[in-house]
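What follows is the content of run19.cif (mmCIF, C-alpha atoms).
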```cif
data_work
loop_
_atom_site.label_atom_id
_atom_site.label_comp_id
_atom_site.auth_asym_id
_atom_site.auth_seq_id
_atom_site.Cartn_x
_atom_site.Cartn_y
_atom_site.Cartn_z
CA MET A 24 0.90 -16.27 15.85
CA ASN A 25 2.80 -18.03 18.59
CA GLY A 26 -0.01 -17.85 21.12
CA VAL A 27 -1.02 -19.97 24.08
CA HIS A 28 -3.71 -21.54 21.89
CA ASP A 29 -0.95 -23.54 20.17
CA MET A 30 -0.61 -25.96 23.06
CA GLY A 31 0.36 -29.29 21.49
CA GLY A 32 3.12 -30.81 23.63
CA MET A 33 2.89 -28.36 26.54
CA ASP A 34 3.10 -29.82 30.04
CA GLY A 35 1.48 -28.96 33.31
CA PHE A 36 -2.21 -28.69 32.47
CA GLY A 37 -3.04 -31.79 34.47
CA LYS A 38 -5.35 -34.72 33.90
CA VAL A 39 -8.12 -34.90 31.34
CA GLU A 40 -11.38 -34.85 33.27
CA PRO A 41 -14.34 -36.29 31.39
CA GLU A 42 -17.73 -35.21 32.80
CA PRO A 43 -20.29 -38.02 33.05
CA ASN A 44 -23.61 -37.22 31.32
CA GLU A 45 -22.33 -33.85 30.18
CA PRO A 46 -25.12 -31.50 29.00
CA THR A 47 -24.90 -29.97 25.52
CA PHE A 48 -24.58 -26.55 27.16
CA HIS A 49 -23.81 -25.74 30.79
CA GLU A 50 -25.44 -22.29 30.68
CA GLN A 51 -28.10 -20.87 28.41
CA TRP A 52 -25.82 -18.05 27.21
CA GLU A 53 -23.36 -20.62 25.84
CA ALA A 54 -26.03 -21.82 23.41
CA ARG A 55 -26.80 -18.25 22.31
CA VAL A 56 -23.10 -17.54 21.69
CA MET A 57 -22.65 -20.74 19.67
CA ALA A 58 -25.66 -19.90 17.51
CA MET A 59 -24.68 -16.23 17.05
CA VAL A 60 -21.21 -17.21 15.86
CA ARG A 61 -22.68 -19.73 13.42
CA VAL A 62 -25.10 -17.16 12.01
CA MET A 63 -22.52 -14.37 11.74
CA GLY A 64 -20.33 -16.81 9.82
CA ALA A 65 -23.17 -17.93 7.53
CA ASN A 66 -24.21 -14.36 6.72
CA GLY A 67 -20.64 -13.35 5.84
CA GLY A 68 -20.08 -11.03 8.81
CA ILE A 69 -17.05 -13.07 9.86
CA ASN A 70 -15.36 -16.27 8.67
CA ILE A 71 -14.23 -19.36 10.54
CA ASP A 72 -10.56 -18.36 10.30
CA SER A 73 -11.07 -14.78 11.41
CA GLN A 74 -13.04 -16.08 14.39
CA ARG A 75 -10.19 -18.44 15.28
CA PHE A 76 -7.65 -15.62 15.02
CA ALA A 77 -9.81 -13.43 17.24
CA ARG A 78 -9.77 -16.14 19.92
CA GLU A 79 -6.02 -16.62 19.58
CA SER A 80 -5.55 -12.86 19.94
CA LEU A 81 -7.16 -12.75 23.38
CA PRO A 82 -4.57 -11.92 26.07
CA PRO A 83 -2.96 -15.22 27.16
CA GLU A 84 -4.19 -14.90 30.73
CA VAL A 85 -7.74 -14.34 29.47
CA TYR A 86 -7.50 -17.22 27.00
CA LEU A 87 -6.34 -19.67 29.66
CA ALA A 88 -8.80 -18.54 32.34
CA SER A 89 -11.92 -18.35 30.17
CA SER A 90 -14.32 -21.18 29.50
CA TYR A 91 -14.71 -22.31 25.90
CA TYR A 92 -17.83 -20.34 25.04
CA LYS A 93 -16.56 -17.33 26.99
CA LYS A 94 -13.64 -17.26 24.54
CA TRP A 95 -16.11 -17.53 21.64
CA PHE A 96 -18.08 -14.62 23.06
CA LEU A 97 -15.07 -12.36 23.68
CA ALA A 98 -13.84 -13.14 20.17
CA ILE A 99 -17.12 -12.44 18.39
CA GLU A 100 -17.54 -9.21 20.35
CA ASP A 101 -13.98 -8.14 19.42
CA GLN A 102 -14.63 -8.98 15.77
CA MET A 103 -17.92 -7.10 15.61
CA VAL A 104 -16.18 -4.04 17.04
CA ALA A 105 -13.06 -4.36 14.85
CA ARG A 106 -15.21 -4.68 11.72
CA GLY A 107 -17.25 -1.62 12.60
CA MET A 108 -20.42 -3.69 12.80
CA VAL A 109 -21.09 -3.05 16.51
CA GLY A 110 -19.76 -0.39 18.87
CA ARG A 111 -18.73 -1.25 22.43
CA ASP A 112 -21.03 1.58 23.50
CA GLU A 113 -23.87 -0.31 21.84
CA VAL A 114 -23.14 -3.49 23.78
CA ASP A 115 -22.88 -1.37 26.95
CA ALA A 116 -26.24 0.22 26.13
CA GLY A 117 -27.80 -3.07 25.09
CA HIS A 118 -29.22 -1.43 21.97
CA SER A 119 -28.22 -0.48 18.47
CA LEU A 120 -27.32 3.22 18.43
CA ARG A 121 -26.45 3.71 14.77
CA GLN A 122 -26.59 2.24 11.28
CA SER A 123 -24.10 -0.52 10.54
CA PRO A 124 -22.64 -1.88 7.29
CA PRO A 125 -24.77 -4.40 5.36
CA LEU A 126 -23.97 -8.12 5.42
CA LYS A 127 -21.91 -9.73 2.67
CA ARG A 128 -24.36 -12.58 2.15
CA GLY A 129 -27.57 -10.96 3.27
CA LYS A 130 -29.80 -11.71 6.19
CA PHE A 131 -29.87 -15.18 7.68
CA ALA A 132 -33.38 -16.48 8.35
CA VAL A 133 -34.92 -19.49 10.06
CA ALA A 134 -35.29 -21.12 6.65
CA ASP A 135 -31.47 -21.04 6.26
CA VAL A 136 -30.82 -23.05 9.43
CA GLU A 137 -31.17 -26.45 7.80
CA ARG A 138 -28.45 -25.49 5.32
CA VAL A 139 -25.81 -24.56 7.92
CA MET A 140 -26.33 -27.79 9.82
CA VAL A 141 -24.23 -29.35 7.05
CA ARG A 142 -20.74 -27.91 6.74
CA GLY A 143 -19.93 -26.00 3.62
CA SER A 144 -17.09 -27.16 1.42
CA PHE A 145 -13.62 -25.65 1.81
CA GLY A 146 -12.41 -27.36 -1.37
CA ARG A 147 -11.52 -25.04 -4.26
CA GLU A 148 -10.23 -25.45 -7.78
CA ALA A 149 -6.44 -25.78 -7.90
CA LYS A 150 -4.42 -23.25 -9.86
CA ALA A 151 -1.38 -25.53 -10.09
CA PRO A 152 -0.67 -29.25 -9.62
CA ALA A 153 0.25 -30.47 -6.14
CA ILE A 154 4.01 -30.32 -5.51
CA PHE A 155 4.10 -33.31 -3.15
CA LYS A 156 2.70 -36.81 -3.37
CA PRO A 157 2.08 -39.58 -0.84
CA GLY A 158 5.38 -41.07 0.34
CA ASP A 159 7.38 -37.87 -0.11
CA LYS A 160 9.65 -36.85 2.75
CA VAL A 161 8.93 -33.25 3.73
CA ARG A 162 9.93 -30.81 6.43
CA ALA A 163 7.57 -28.40 8.16
CA LYS A 164 9.01 -24.95 7.61
CA ASN A 165 10.25 -22.92 10.53
CA ILE A 166 7.83 -20.02 10.21
CA ASN A 167 6.71 -17.73 13.01
CA PRO A 168 4.19 -15.29 11.55
CA LEU A 169 2.51 -12.74 13.80
CA THR A 170 -0.62 -13.44 11.78
CA HIS A 171 -2.89 -16.51 11.75
CA THR A 172 -1.42 -19.88 10.83
CA ARG A 173 -2.52 -23.49 11.25
CA LEU A 174 1.02 -24.87 11.39
CA PRO A 175 1.48 -25.86 15.03
CA ARG A 176 4.80 -25.02 16.67
CA TYR A 177 5.54 -28.58 17.74
CA VAL A 178 6.16 -29.74 14.15
CA ARG A 179 8.09 -26.73 12.83
CA GLY A 180 11.52 -27.71 11.56
CA HIS A 181 10.68 -31.43 11.77
CA ALA A 182 10.64 -34.00 8.99
CA GLY A 183 7.66 -36.19 8.19
CA ILE A 184 6.08 -38.19 5.39
CA VAL A 185 3.20 -37.11 3.18
CA GLU A 186 0.48 -39.70 3.68
CA ARG A 187 -2.41 -38.34 1.67
CA ILE A 188 -3.54 -35.41 -0.44
CA ASN A 189 -6.84 -33.96 0.76
CA GLY A 190 -7.58 -31.61 -2.11
CA CYS A 191 -7.06 -27.91 -2.55
CA HIS A 192 -8.59 -25.83 0.26
CA VAL A 193 -9.20 -22.27 1.40
CA PHE A 194 -5.93 -21.08 3.02
CA PRO A 195 -6.62 -19.98 6.61
CA ASP A 196 -3.46 -17.87 6.79
CA THR A 197 -4.93 -15.36 4.33
CA ALA A 198 -8.66 -15.95 4.83
CA ALA A 199 -8.36 -15.04 8.52
CA HIS A 200 -7.18 -11.58 7.54
CA ASP A 201 -9.70 -11.01 4.74
CA LYS A 202 -6.88 -11.41 2.21
CA GLY A 203 -8.72 -13.92 0.08
CA GLU A 204 -9.27 -17.66 -0.07
CA ASN A 205 -5.92 -18.18 -1.82
CA PRO A 206 -6.54 -21.96 -2.20
CA GLN A 207 -3.64 -24.30 -1.39
CA TRP A 208 -3.09 -28.04 -1.55
CA LEU A 209 -3.73 -29.76 1.76
CA TYR A 210 -1.81 -32.86 2.88
CA THR A 211 -1.85 -35.24 5.81
CA VAL A 212 1.77 -35.34 6.99
CA VAL A 213 2.85 -37.97 9.52
CA PHE A 214 5.67 -37.52 12.03
CA ASP A 215 7.37 -40.13 14.17
CA ALA A 216 7.06 -39.14 17.84
CA ARG A 217 10.84 -39.45 18.31
CA GLU A 218 11.36 -36.87 15.58
CA LEU A 219 9.05 -34.50 17.47
CA TRP A 220 9.84 -35.24 21.10
CA GLY A 221 13.25 -36.90 21.13
CA ASP A 222 14.60 -40.34 21.92
CA ASP A 223 12.51 -40.80 25.06
CA ALA A 224 9.26 -40.49 23.15
CA ASP A 225 6.79 -43.35 22.92
CA PRO A 226 8.22 -45.51 20.07
CA THR A 227 4.74 -46.67 19.09
CA LEU A 228 3.44 -43.13 18.53
CA LYS A 229 2.95 -41.34 15.23
CA VAL A 230 1.31 -37.92 14.96
CA SER A 231 -0.14 -36.36 11.85
CA ILE A 232 -1.14 -32.82 11.03
CA GLU A 233 -3.12 -31.40 8.14
CA ALA A 234 -0.54 -29.25 6.35
CA PHE A 235 -1.10 -26.70 3.61
CA GLU A 236 1.50 -26.77 0.86
CA PRO A 237 3.13 -23.42 1.80
CA TYR A 238 3.96 -24.93 5.22
CA LEU A 239 6.16 -27.63 3.67
CA GLU A 240 9.51 -28.00 1.96
CA LYS A 241 11.24 -31.01 0.50
CA ALA A 242 13.34 -32.87 3.07
CA MET B 25 -33.77 -25.62 26.26
CA ALA B 26 -33.16 -28.73 28.31
CA HIS B 27 -30.48 -27.39 30.64
CA ASP B 28 -31.72 -23.90 31.10
CA HIS B 29 -31.01 -22.64 34.57
CA ASP B 30 -30.04 -19.40 36.15
CA HIS B 31 -27.93 -19.31 39.30
CA SER B 32 -27.51 -15.58 39.42
CA HIS B 33 -30.11 -14.94 42.12
CA ASP B 34 -28.88 -17.67 44.43
CA HIS B 35 -25.17 -17.00 44.46
CA HIS B 36 -24.50 -13.28 44.86
CA HIS B 37 -21.40 -13.99 46.91
CA ASP B 38 -20.06 -16.67 44.64
CA HIS B 39 -17.44 -15.04 42.44
CA GLU B 40 -17.69 -17.57 39.64
CA HIS B 41 -21.44 -17.27 39.37
CA SER B 42 -21.57 -13.51 39.57
CA GLU B 43 -19.00 -13.46 36.76
CA LEU B 44 -21.16 -15.83 34.72
CA SER B 45 -24.14 -13.64 35.33
CA GLU B 46 -22.20 -10.66 33.95
CA THR B 47 -21.41 -12.74 30.90
CA GLN B 48 -25.07 -13.65 30.57
CA LEU B 49 -26.04 -10.00 30.55
CA ARG B 50 -23.39 -9.08 28.04
CA VAL B 51 -24.32 -11.97 25.73
CA ARG B 52 -27.95 -10.88 25.90
CA ALA B 53 -26.92 -7.29 25.11
CA LEU B 54 -24.92 -8.38 22.06
CA GLU B 55 -27.78 -10.54 20.82
CA THR B 56 -30.16 -7.57 21.15
CA VAL B 57 -27.79 -5.27 19.27
CA LEU B 58 -27.21 -7.81 16.47
CA THR B 59 -30.96 -8.42 16.24
CA GLU B 60 -31.82 -4.70 16.08
CA LYS B 61 -29.27 -4.29 13.30
CA GLY B 62 -30.87 -7.13 11.39
CA TYR B 63 -27.73 -9.29 11.54
CA VAL B 64 -29.32 -12.16 13.43
CA ASP B 65 -32.85 -13.43 13.93
CA PRO B 66 -33.47 -14.86 17.44
CA ALA B 67 -35.77 -17.49 15.95
CA ALA B 68 -32.89 -18.75 13.77
CA LEU B 69 -30.67 -18.90 16.87
CA ASP B 70 -33.37 -20.92 18.65
CA ALA B 71 -33.56 -23.36 15.74
CA ILE B 72 -29.77 -23.87 15.68
CA VAL B 73 -29.65 -24.48 19.43
CA GLU B 74 -32.55 -26.90 19.24
CA ALA B 75 -30.88 -28.88 16.46
CA TYR B 76 -27.74 -29.40 18.56
CA GLU B 77 -29.76 -30.27 21.64
CA THR B 78 -32.09 -32.75 20.00
CA LYS B 79 -30.94 -33.94 16.56
CA ILE B 80 -27.19 -33.77 16.10
CA GLY B 81 -25.24 -36.03 18.40
CA PRO B 82 -23.08 -39.17 18.63
CA ARG B 83 -26.00 -41.39 17.64
CA ASN B 84 -25.37 -40.24 14.08
CA GLY B 85 -21.80 -41.50 14.17
CA ALA B 86 -22.81 -44.68 16.00
CA ARG B 87 -25.19 -45.63 13.20
CA VAL B 88 -22.45 -45.12 10.62
CA VAL B 89 -20.06 -47.31 12.62
CA ALA B 90 -22.69 -50.04 13.09
CA LYS B 91 -23.37 -50.00 9.36
CA ALA B 92 -19.64 -50.34 8.63
CA TRP B 93 -19.43 -53.29 11.04
CA THR B 94 -22.18 -55.18 9.23
CA ASP B 95 -21.65 -54.19 5.58
CA PRO B 96 -18.11 -54.74 4.20
CA ALA B 97 -18.83 -52.81 0.99
CA PHE B 98 -20.04 -49.81 2.97
CA LYS B 99 -17.02 -50.05 5.26
CA GLN B 100 -14.67 -49.94 2.29
CA ALA B 101 -16.56 -47.00 0.81
CA LEU B 102 -16.41 -45.22 4.17
CA LEU B 103 -12.64 -45.65 4.40
CA ASP B 104 -12.22 -44.54 0.77
CA ASP B 105 -14.38 -41.39 1.08
CA ALA B 106 -16.38 -40.99 4.27
CA SER B 107 -18.35 -37.93 3.14
CA ALA B 108 -19.51 -39.68 -0.05
CA ALA B 109 -20.28 -42.97 1.69
CA ILE B 110 -22.38 -41.34 4.41
CA GLY B 111 -24.11 -39.28 1.72
CA THR B 112 -25.57 -42.53 0.39
CA LEU B 113 -27.26 -43.14 3.77
CA GLY B 114 -29.61 -40.18 3.55
CA HIS B 115 -31.57 -41.35 6.54
CA VAL B 116 -28.62 -41.56 8.92
CA ALA B 117 -27.11 -38.11 8.89
CA ARG B 118 -26.25 -35.32 6.53
CA VAL B 119 -22.57 -34.65 6.33
CA GLY B 120 -20.47 -32.07 4.53
CA ASP B 121 -17.19 -32.52 2.71
CA HIS B 122 -13.79 -33.49 4.08
CA LEU B 123 -14.76 -36.22 6.54
CA ILE B 124 -12.14 -38.96 6.88
CA ALA B 125 -12.83 -42.27 8.64
CA VAL B 126 -9.84 -43.98 10.22
CA GLU B 127 -9.96 -47.62 11.21
CA ASN B 128 -8.74 -49.14 14.45
CA THR B 129 -7.12 -52.55 14.05
CA PRO B 130 -5.30 -54.91 16.42
CA GLN B 131 -2.10 -53.24 15.19
CA ARG B 132 -3.17 -49.60 15.26
CA HIS B 133 -5.28 -47.35 17.48
CA ASN B 134 -6.38 -43.93 16.22
CA MET B 135 -7.07 -40.88 18.35
CA VAL B 136 -8.30 -37.44 17.24
CA VAL B 137 -7.39 -34.04 18.69
CA CYS B 138 -7.32 -30.39 17.71
CA THR B 139 -4.31 -28.86 19.44
CA LEU B 140 -4.98 -25.36 18.04
CA CYS B 141 -8.69 -25.00 18.84
CA SER B 142 -11.54 -27.50 18.92
CA CYS B 143 -12.11 -28.98 15.41
CA TYR B 144 -14.42 -31.97 15.72
CA PRO B 145 -16.84 -33.84 13.42
CA TRP B 146 -19.99 -32.03 14.64
CA GLU B 147 -22.32 -33.71 12.16
CA MET B 148 -21.29 -37.16 13.34
CA LEU B 149 -20.76 -36.56 17.07
CA GLY B 150 -22.58 -33.34 17.98
CA LEU B 151 -20.84 -30.52 19.83
CA PRO B 152 -17.57 -31.55 21.46
CA PRO B 153 -17.43 -32.21 25.21
CA VAL B 154 -15.60 -29.71 27.44
CA TRP B 155 -12.58 -31.98 27.94
CA TYR B 156 -11.97 -32.16 24.19
CA LYS B 157 -11.73 -28.36 24.02
CA ALA B 158 -9.72 -27.93 27.22
CA SER B 159 -5.96 -27.49 27.69
CA PRO B 160 -5.12 -30.88 29.30
CA TYR B 161 -6.34 -32.90 26.31
CA ARG B 162 -5.14 -30.49 23.62
CA SER B 163 -1.65 -30.28 25.11
CA ARG B 164 -1.04 -33.94 25.96
CA ALA B 165 -2.76 -35.92 23.22
CA VAL B 166 0.08 -35.48 20.72
CA LYS B 167 2.88 -36.22 23.19
CA ASP B 168 1.49 -38.65 25.76
CA PRO B 169 -1.62 -40.30 24.30
CA ARG B 170 -1.19 -43.38 26.49
CA GLY B 171 -1.29 -41.13 29.55
CA VAL B 172 -4.44 -39.50 28.21
CA LEU B 173 -6.01 -42.90 27.55
CA ASN B 174 -5.15 -43.81 31.12
CA ASP B 175 -7.22 -40.82 32.30
CA PHE B 176 -10.12 -42.47 30.46
CA GLY B 177 -9.40 -45.85 32.03
CA VAL B 178 -8.18 -47.30 28.73
CA THR B 179 -4.98 -49.34 28.51
CA LEU B 180 -3.76 -50.61 25.15
CA PRO B 181 -1.17 -53.35 24.51
CA LYS B 182 2.39 -51.96 24.67
CA ASP B 183 3.13 -52.72 21.03
CA THR B 184 -0.06 -51.26 19.53
CA GLU B 185 0.83 -48.37 17.25
CA ILE B 186 -0.91 -45.19 18.31
CA ARG B 187 -1.75 -42.70 15.62
CA VAL B 188 -2.88 -39.26 16.70
CA TRP B 189 -4.62 -37.08 14.11
CA ASP B 190 -4.25 -33.37 14.84
CA SER B 191 -7.19 -31.65 13.10
CA THR B 192 -5.31 -28.56 11.97
CA ALA B 193 -7.44 -27.84 8.88
CA GLU B 194 -11.04 -28.38 7.73
CA THR B 195 -10.67 -32.12 7.33
CA ARG B 196 -12.53 -33.95 10.12
CA PHE B 197 -11.85 -37.41 11.51
CA LEU B 198 -14.12 -40.19 12.68
CA VAL B 199 -12.54 -43.21 14.33
CA LEU B 200 -14.00 -46.54 13.28
CA PRO B 201 -13.51 -48.65 16.41
CA MET B 202 -13.01 -52.42 16.31
CA ARG B 203 -16.18 -54.47 16.52
CA PRO B 204 -16.13 -56.29 19.87
CA ALA B 205 -16.09 -60.06 19.96
CA GLY B 206 -19.37 -61.63 21.02
CA THR B 207 -21.50 -59.42 18.78
CA GLU B 208 -21.85 -61.89 15.92
CA GLY B 209 -25.32 -61.80 14.40
CA TRP B 210 -26.30 -58.53 16.12
CA SER B 211 -28.51 -56.08 14.21
CA GLU B 212 -27.22 -52.64 13.24
CA GLU B 213 -29.55 -51.09 15.82
CA ARG B 214 -28.20 -53.26 18.61
CA LEU B 215 -24.59 -52.65 17.55
CA ALA B 216 -25.14 -48.87 17.45
CA GLU B 217 -26.06 -49.00 21.15
CA ILE B 218 -22.53 -50.06 22.12
CA VAL B 219 -20.74 -47.46 19.99
CA THR B 220 -19.79 -44.71 22.42
CA ARG B 221 -18.89 -41.15 21.51
CA ASP B 222 -15.41 -41.57 22.97
CA SER B 223 -14.81 -44.71 20.92
CA MET B 224 -15.29 -42.56 17.79
CA ILE B 225 -12.79 -39.95 19.08
CA GLY B 226 -10.35 -42.69 20.05
CA THR B 227 -10.29 -41.98 23.79
CA GLY B 228 -12.55 -44.91 24.54
CA LEU B 229 -13.65 -48.32 23.33
CA PRO B 230 -17.13 -49.62 22.51
CA LYS B 231 -19.20 -50.67 25.52
CA ALA B 232 -18.36 -54.09 26.90
CA VAL B 233 -20.54 -56.91 25.61
CA PRO B 234 -22.30 -58.66 28.51
#
```
Could you take the file, read its structure, and then write that structure out as C-alpha cells?
Amino acid sequence: MNGVHDMGGMDGFGKVEPEPNEPTFHEQWEARVMAMVRVMGANGGINIDSQRFARESLPPEVYLASSYYKKWFLAIEDQMVARGMVGRDEVDAGHSLRQSPPLKRGKFAVADVERVMVRGSFGREAKAPAIFKPGDKVRAKNINPLTHTRLPRYVRGHAGIVERINGCHVFPDTAAHDKGENPQWLYTVVFDARELWGDDADPTLKVSIEAFEPYLEKA
Amino acid sequence: MAHDHDHSHDHHHDHEHSELSETQLRVRALETVLTEKGYVDPAALDAIVEAYETKIGPRNGARVVAKAWTDPAFKQALLDDASAAIGTLGHVARVGDHLIAVENTPQRHNMVVCTLCSCYPWEMLGLPPVWYKASPYRSRAVKDPRGVLNDFGVTLPKDTEIRVWDSTAETRFLVLPMRPAGTEGWSEERLAEIVTRDSMIGTGLPKAVP
C-alpha cells in the first residue's frame, strides 16, 4: 500500500539525531512489546510480514506521531483482534474473557528462546529458474497495490541493473495476507541516483533495493 | 532490566508521560491476556529481553570486523557468504541466513537503511537505535546520504562513490569498514574496540587511532 511508511526520498523530516549512550529500551513496556511480538511470531500467531502490514495500516497521523515500539504495540493489538485471538474488551478488562483459537506452532516456552535469537531462514526451494541474472537491465514495475508490498515507491518505473541473486525467498506480498509463502527469486537491483532523483542528484550515489522477481520487468 | 524506570507518578501534568503511562497499562493488559490464553509465557519474554540487553549487541559485529581485518581468508569468505563465514566462528556470534557483508574501500562507501520499516542485522549489531528507525534517516538516506553523514559529523571525499543498501527484504547488511592506518600489528581484541556500531551501518567510521 502507498502508505506514509514508504518514506524513501521524502523531504521535511529534519536532521538525523543520534542519541549518545542510547539505552536498549527507553521504557520497560517497550521491551515487553518487542518480546511479545517475537513470541507471537515464533508460535505462528502472526508472521513478520503481517506484522509489517499491520503497522503500515495504522492511520498516517498515528504512524507519524507514534514512537517505534508504540507502533509495534498498536499493530500487534490490531492483529490479535483481527485474527480473533484477543477481543478489545479483553484488553480493556485486562483479562482473558473467553477461549481463543489454538496456536499454529504450539506454545512457546523459555526453552525455545535460544532458538529465536537466531533468525529463521526465508529461503525456499525454487519452482522455476531465475528469469534475470547479474548484469541484466531491469525496470521496477509501476504497481500500486492496496495490499502489502516491499517495492518502495521511489524506484517504481525506474531502470536499474541486477547485481546479485539472493536465492528464492518467501514472498511478503502474499505471506502478509496469509495467502501462502509463494516463494520468489530475490535480487539486489542497483539504481543510479540520477535515474531516481533527476539530473541534480549526487552523481556519486547509487542505491540498491532487494527486489522480488514479480516486481521486475526487462528494460 | 537495566533501564527500568517509571515516570508516571512524577509527571501527572506532563502530557507525554501520562500518555506513556496509558501505553504502559495497555501493554501490561495485553501481556496478561496473552498469558492467560497460554499464547505467551512471561518468563520467555524476560529471557528475550535479557538477551538483547546483555548478550546481543554491536560487539558481535565488531569481533567479526576485527577478524576480517586480520585474516584475509576469513575476509574473503565473509564477502562471499557472510552467514556461512560467521557460522565457522561459533564463539563469536550465532547468525541466521541471508547476511551480506559489504566492504568499504577508498573508492566506495556503503551505507545501510530500511526505508520501509526498520530491517537491521540484529544478531550482529543488537536492536537498532531510535534514529535508524525514525523518519529523518529513513527518508533521506537514499536521496541525500552525504547530508545524513554530515549529521553524524562524517565528511567523505567528493569523488567517493556512495552506495546505499535499502533493506527491503530479509537479506541483512553489515558494512565492513576500512581498517584505519596506524593499527598495524594490533590484536583482534584491540581492533574490535575501535569498531563502532555506526561504522558497521555506514553512518560512521572506526574510532580514531591515537
I would like the residues chosen by the PyMOL selection byres ((chain B and resi 155-163) around 8) on the shown file; could you give them as a PyMOL selection string? (chain A and resi 30-42+91) or (chain B and resi 137-142+152-154+164-167+172)
How would you write, as an NGL selection string, the residues chosen by the PyMOL selection byres ((chain B and resi 123) around 6) on this structure? :B and (106-107 or 121-122 or 124 or 195-197)
So, with only C-alpha atoms as the atoms that count, which of A:Arg78, A:Arg128, A:His118, A:Lys93 lies closest to Thr56 of chain B?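 Among the listed residues, the smallest separation from Thr56 of chain B belongs to A:His118.
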Chain and number of each residue from the PyMOL selection byres ((chain A and resi 60) around 12), as a CSV table (one decimal) with C-alpha atoms, in the coordinates of the input:
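Contents of part.csv, freshly written:
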```csv
chain,number,residue,atom,x,y,z
A,53,GLU,CA,-23.4,-20.6,25.8
A,54,ALA,CA,-26.0,-21.8,23.4
A,55,ARG,CA,-26.8,-18.2,22.3
A,56,VAL,CA,-23.1,-17.5,21.7
A,57,MET,CA,-22.6,-20.7,19.7
A,58,ALA,CA,-25.7,-19.9,17.5
A,59,MET,CA,-24.7,-16.2,17.0
A,61,ARG,CA,-22.7,-19.7,13.4
A,62,VAL,CA,-25.1,-17.2,12.0
A,63,MET,CA,-22.5,-14.4,11.7
A,64,GLY,CA,-20.3,-16.8,9.8
A,65,ALA,CA,-23.2,-17.9,7.5
A,66,ASN,CA,-24.2,-14.4,6.7
A,67,GLY,CA,-20.6,-13.4,5.8
A,68,GLY,CA,-20.1,-11.0,8.8
A,69,ILE,CA,-17.0,-13.1,9.9
A,70,ASN,CA,-15.4,-16.3,8.7
A,71,ILE,CA,-14.2,-19.4,10.5
A,73,SER,CA,-11.1,-14.8,11.4
A,74,GLN,CA,-13.0,-16.1,14.4
A,75,ARG,CA,-10.2,-18.4,15.3
A,92,TYR,CA,-17.8,-20.3,25.0
A,94,LYS,CA,-13.6,-17.3,24.5
A,95,TRP,CA,-16.1,-17.5,21.6
A,96,PHE,CA,-18.1,-14.6,23.1
A,97,LEU,CA,-15.1,-12.4,23.7
A,98,ALA,CA,-13.8,-13.1,20.2
A,99,ILE,CA,-17.1,-12.4,18.4
A,100,GLU,CA,-17.5,-9.2,20.4
A,102,GLN,CA,-14.6,-9.0,15.8
A,103,MET,CA,-17.9,-7.1,15.6
A,139,VAL,CA,-25.8,-24.6,7.9
B,51,VAL,CA,-24.3,-12.0,25.7
B,54,LEU,CA,-24.9,-8.4,22.1
B,55,GLU,CA,-27.8,-10.5,20.8
B,58,LEU,CA,-27.2,-7.8,16.5
B,63,TYR,CA,-27.7,-9.3,11.5
B,64,VAL,CA,-29.3,-12.2,13.4
B,68,ALA,CA,-32.9,-18.8,13.8
B,69,LEU,CA,-30.7,-18.9,16.9
B,72,ILE,CA,-29.8,-23.9,15.7
B,73,VAL,CA,-29.6,-24.5,19.4
```
Mind checking which residues fall within 12 Å of Leu229 of chain B, counting only C-alpha atoms, ignoring those fewer than 4 positions away in the same chain, and posting them as number ranges by chain? B: 128, 133-135, 173, 176-180, 199-204, 218-225, 233
Once you have the residues from the selection above, write them out as a short mmCIF file (atom, residue, chain, number, x, y, z; two decimals), in the frame of the given file, restricted to C-alpha atoms.
```cif
data_model
loop_
_atom_site.label_atom_id
_atom_site.label_comp_id
_atom_site.auth_asym_id
_atom_site.auth_seq_id
_atom_site.Cartn_x
_atom_site.Cartn_y
_atom_site.Cartn_z
CA ASN B 128 -8.74 -49.14 14.45
CA HIS B 133 -5.28 -47.35 17.48
CA ASN B 134 -6.38 -43.93 16.22
CA MET B 135 -7.07 -40.88 18.35
CA LEU B 173 -6.01 -42.90 27.55
CA PHE B 176 -10.12 -42.47 30.46
CA GLY B 177 -9.40 -45.85 32.03
CA VAL B 178 -8.18 -47.30 28.73
CA THR B 179 -4.98 -49.34 28.51
CA LEU B 180 -3.76 -50.61 25.15
CA VAL B 199 -12.54 -43.21 14.33
CA LEU B 200 -14.00 -46.54 13.28
CA PRO B 201 -13.51 -48.65 16.41
CA MET B 202 -13.01 -52.42 16.31
CA ARG B 203 -16.18 -54.47 16.52
CA PRO B 204 -16.13 -56.29 19.87
CA ILE B 218 -22.53 -50.06 22.12
CA VAL B 219 -20.74 -47.46 19.99
CA THR B 220 -19.79 -44.71 22.42
CA ARG B 221 -18.89 -41.15 21.51
CA ASP B 222 -15.41 -41.57 22.97
CA SER B 223 -14.81 -44.71 20.92
CA MET B 224 -15.29 -42.56 17.79
CA ILE B 225 -12.79 -39.95 19.08
CA VAL B 233 -20.54 -56.91 25.61
#
```
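Across the model, the gap from atom CA of Thr227 of chain B to atom CA of Glu147 of chain B is 18.7 Å.
Note that atom CA of Ser123 of chain A and atom CA of Val141 of chain A are 29.0 Å apart.
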Hey, could you pull the box centre and edge lengths for segment 64-83 of chain B, axis-aligned, 4 Å padding per side, all listed atoms, to one decimal in Å, as AutoDock Vina command-line options?
```
--center_x -29.4 --center_y -26.8 --center_z 17.5 --size_x 20.7 --size_y 37.2 --size_z 16.2
```
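Put simply, atom CA of Arg87 of chain B is 21.2 Å away from atom CA of Pro46 of chain A.
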For each of A:Ala105, A:Ala149, A:Ala216, A:Ile184, take the minimum atom-to-atom distance to chain B, counting only C-alpha atoms, then give the residue where this is smallest. A:Ala216
Pick from A:Lys127, A:Lys202, A:Arg162, A:Arg142, whichever lies nearest to chain B using all atoms listed in the file: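 Result for the nearest residue to chain B: A:Arg142.
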Between B:Glu208, B:Asp104, B:Leu149, B:Arg214, which one has atoms that come closest to Arg187 of chain A, using all atoms listed in the file? B:Asp104
Please determine the residues with any atom at most 10 Å from (8.0, -36.1, 4.6) (coordinates as given in the file, with all atoms listed in the file counting) and report them as a list in words.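 Selection result: Phe155, Lys156, Pro157, Gly158, Asp159, Lys160, Val161, Arg162, Ala163, His181, Ala182, Gly183, Ile184, Val185, Glu186, Thr211, Val212, Val213, Phe214, Leu239, Glu240, Lys241 and Ala242 of chain A.
Here the question is which of A:Glu45, A:Asp72, A:Asp223, A:Asp29 gets nearest to Pro175 of chain A using only C-alpha atoms, and that residue is A:Asp29.
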